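Below: one structure, written as structure tokens.
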Amino acid sequence: MRKEINVETWYRKDHFEFFSKFDEPFYGITAKVDCTETYHTAKKNGHSFFLSYLHKSLVAVNRTVQFRYRIVDGKLYEYETIDASPTINRENGTFGFSHLKYRENFEDFLALALPAIEKVRNSNRLMPDESGENVIHCSAIPWIDFTSISHARHYAYPDSCPKIAFGKMTSDNGKLFMPVSVHVHHALVDGRHVAQFLETFQKLMQEPL
């Protein structure tokens, strides 16, 4: 479900029209997130750490309205819910894109995510069966403790989906941290909105599953 926003009366009309004309309207911010509680809870309960933090990031996305805005055919929409489209690694060294349905409850999310991931791992296809604008593009790069990242972009395609990348977990004084990179379309999302997302995500990462 989505609803159209009238740009002419929108409080960010000037920002929307200004940044929509950019050849590259995306910008990125990278921050460290404390993942100690989520990591240990996931391991204790036998859950995937990847799916644990992915779910919490998706909850934070859905609680941040600016991350639910999309530009489709030049029109502005607010989606009711946002799903995840993470890359899924395969044993042969390749990966495939997936489509994981959002559910606020972690167990409900797992019930849908696990078979969807297994389907990608048993395929050689790159693209998922289902796609759309109401997704977050996610990448896990657990081998690199990066401080910044860029993304391949097809500039002729009018993309407005945020992109989130998760890096290698490291230890510091008994705490576990992970770099999180967030790339967003500036016509829709400002720095303070990225900060709100990261703050919500950090709070969720410090809560039990």
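In the structure tokens, each chain is lettered A, B, ... as it comes, each chain's residues begin at 1, and ligands are numbered from 1 in order of appearance.
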Check your understanding: What's the 9 Å shell around Pro128 of chain A, counting only C-alpha atoms, without same-chain residues fewer than 5 positions away, as a list in words?
Key ->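 Surrounding residues, per the criterion: Ser85, Gly96, Phe97, Ser98, His99 and Val120 of chain A.
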Keeping N, CA, C and O atoms for every residue in the selection just given, could you write it to a file as a PDB file, in the first residue's frame?
```pdb
ATOM      1  N   SER A  85      15.766  -6.047   0.582  1.00  0.00           N
ATOM      2  CA  SER A  85      16.319  -6.733  -0.586  1.00  0.00           C
ATOM      3  C   SER A  85      17.824  -6.875  -0.380  1.00  0.00           C
ATOM      4  O   SER A  85      18.627  -6.133  -0.955  1.00  0.00           O
ATOM      5  N   GLY A  96      23.133 -13.543  -4.810  1.00  0.00           N
ATOM      6  CA  GLY A  96      21.877 -13.229  -5.482  1.00  0.00           C
ATOM      7  C   GLY A  96      21.106 -12.228  -4.649  1.00  0.00           C
ATOM      8  O   GLY A  96      21.240 -12.182  -3.425  1.00  0.00           O
ATOM      9  N   PHE A  97      20.316 -11.409  -5.315  1.00  0.00           N
ATOM     10  CA  PHE A  97      19.442 -10.487  -4.607  1.00  0.00           C
ATOM     11  C   PHE A  97      18.210 -11.248  -4.125  1.00  0.00           C
ATOM     12  O   PHE A  97      17.719 -12.160  -4.797  1.00  0.00           O
ATOM     13  N   SER A  98      17.704 -10.854  -2.976  1.00  0.00           N
ATOM     14  CA  SER A  98      16.526 -11.508  -2.419  1.00  0.00           C
ATOM     15  C   SER A  98      15.454 -10.469  -2.102  1.00  0.00           C
ATOM     16  O   SER A  98      15.699  -9.269  -2.166  1.00  0.00           O
ATOM     17  N   HIS A  99      14.288 -10.977  -1.782  1.00  0.00           N
ATOM     18  CA  HIS A  99      13.188 -10.092  -1.344  1.00  0.00           C
ATOM     19  C   HIS A  99      12.610 -10.695  -0.080  1.00  0.00           C
ATOM     20  O   HIS A  99      11.957 -11.744  -0.120  1.00  0.00           O
ATOM     21  N   VAL A 120      17.238 -18.556  -2.892  1.00  0.00           N
ATOM     22  CA  VAL A 120      18.298 -17.812  -3.580  1.00  0.00           C
ATOM     23  C   VAL A 120      19.587 -18.615  -3.591  1.00  0.00           C
ATOM     24  O   VAL A 120      20.292 -18.681  -4.607  1.00  0.00           O
TER      25      VAL A 120
END
```
List as CSV every residue of segment 71-185 of chain A that is in contact with segment 189-202 of chain A, defined as an atom at most 8 Å from one of its atoms (using only C-alpha atoms), together with the nearest atom pair and the distance in Å rounded to one decimal, sorted by chain and then rising number.
```
residue,atom,partner,partner_atom,distance
A:Val182,CA,A:Val194,CA,7.5
A:Val184,CA,A:Val189,CA,6.3
A:His185,CA,A:Val189,CA,6.0
```
Review point. Near segment 148-161 of chain A, counting only C-alpha atoms, which residues have an atom at most 8 Å away, once you skip same-chain residues fewer than 4 positions from it, shown as an NGL selection string?
Key: :A and (23-24 or 28-30 or 70-72 or 133-137 or 181 or 184-185)
Between A:Phe146, A:Tyr77, A:Phe109, A:Phe26, which has the minimum distance to Phe177 of chain A (counting only C-alpha atoms)?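 Ranking A:Phe146, A:Tyr77, A:Phe109, A:Phe26 by distance to Phe177 of chain A, first place goes to A:Phe146.
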* **DSSP-assigned helix (DSSP H, G or I) members of segment 93-147 of chain A, reported as a list in words** => Phe106, Glu107, Asp108, Phe109, Leu110, Ala111, Leu112, Ala113, Leu114, Pro115, Ala116, Ile117, Glu118, Lys119, Val120 and Arg121 of chain A
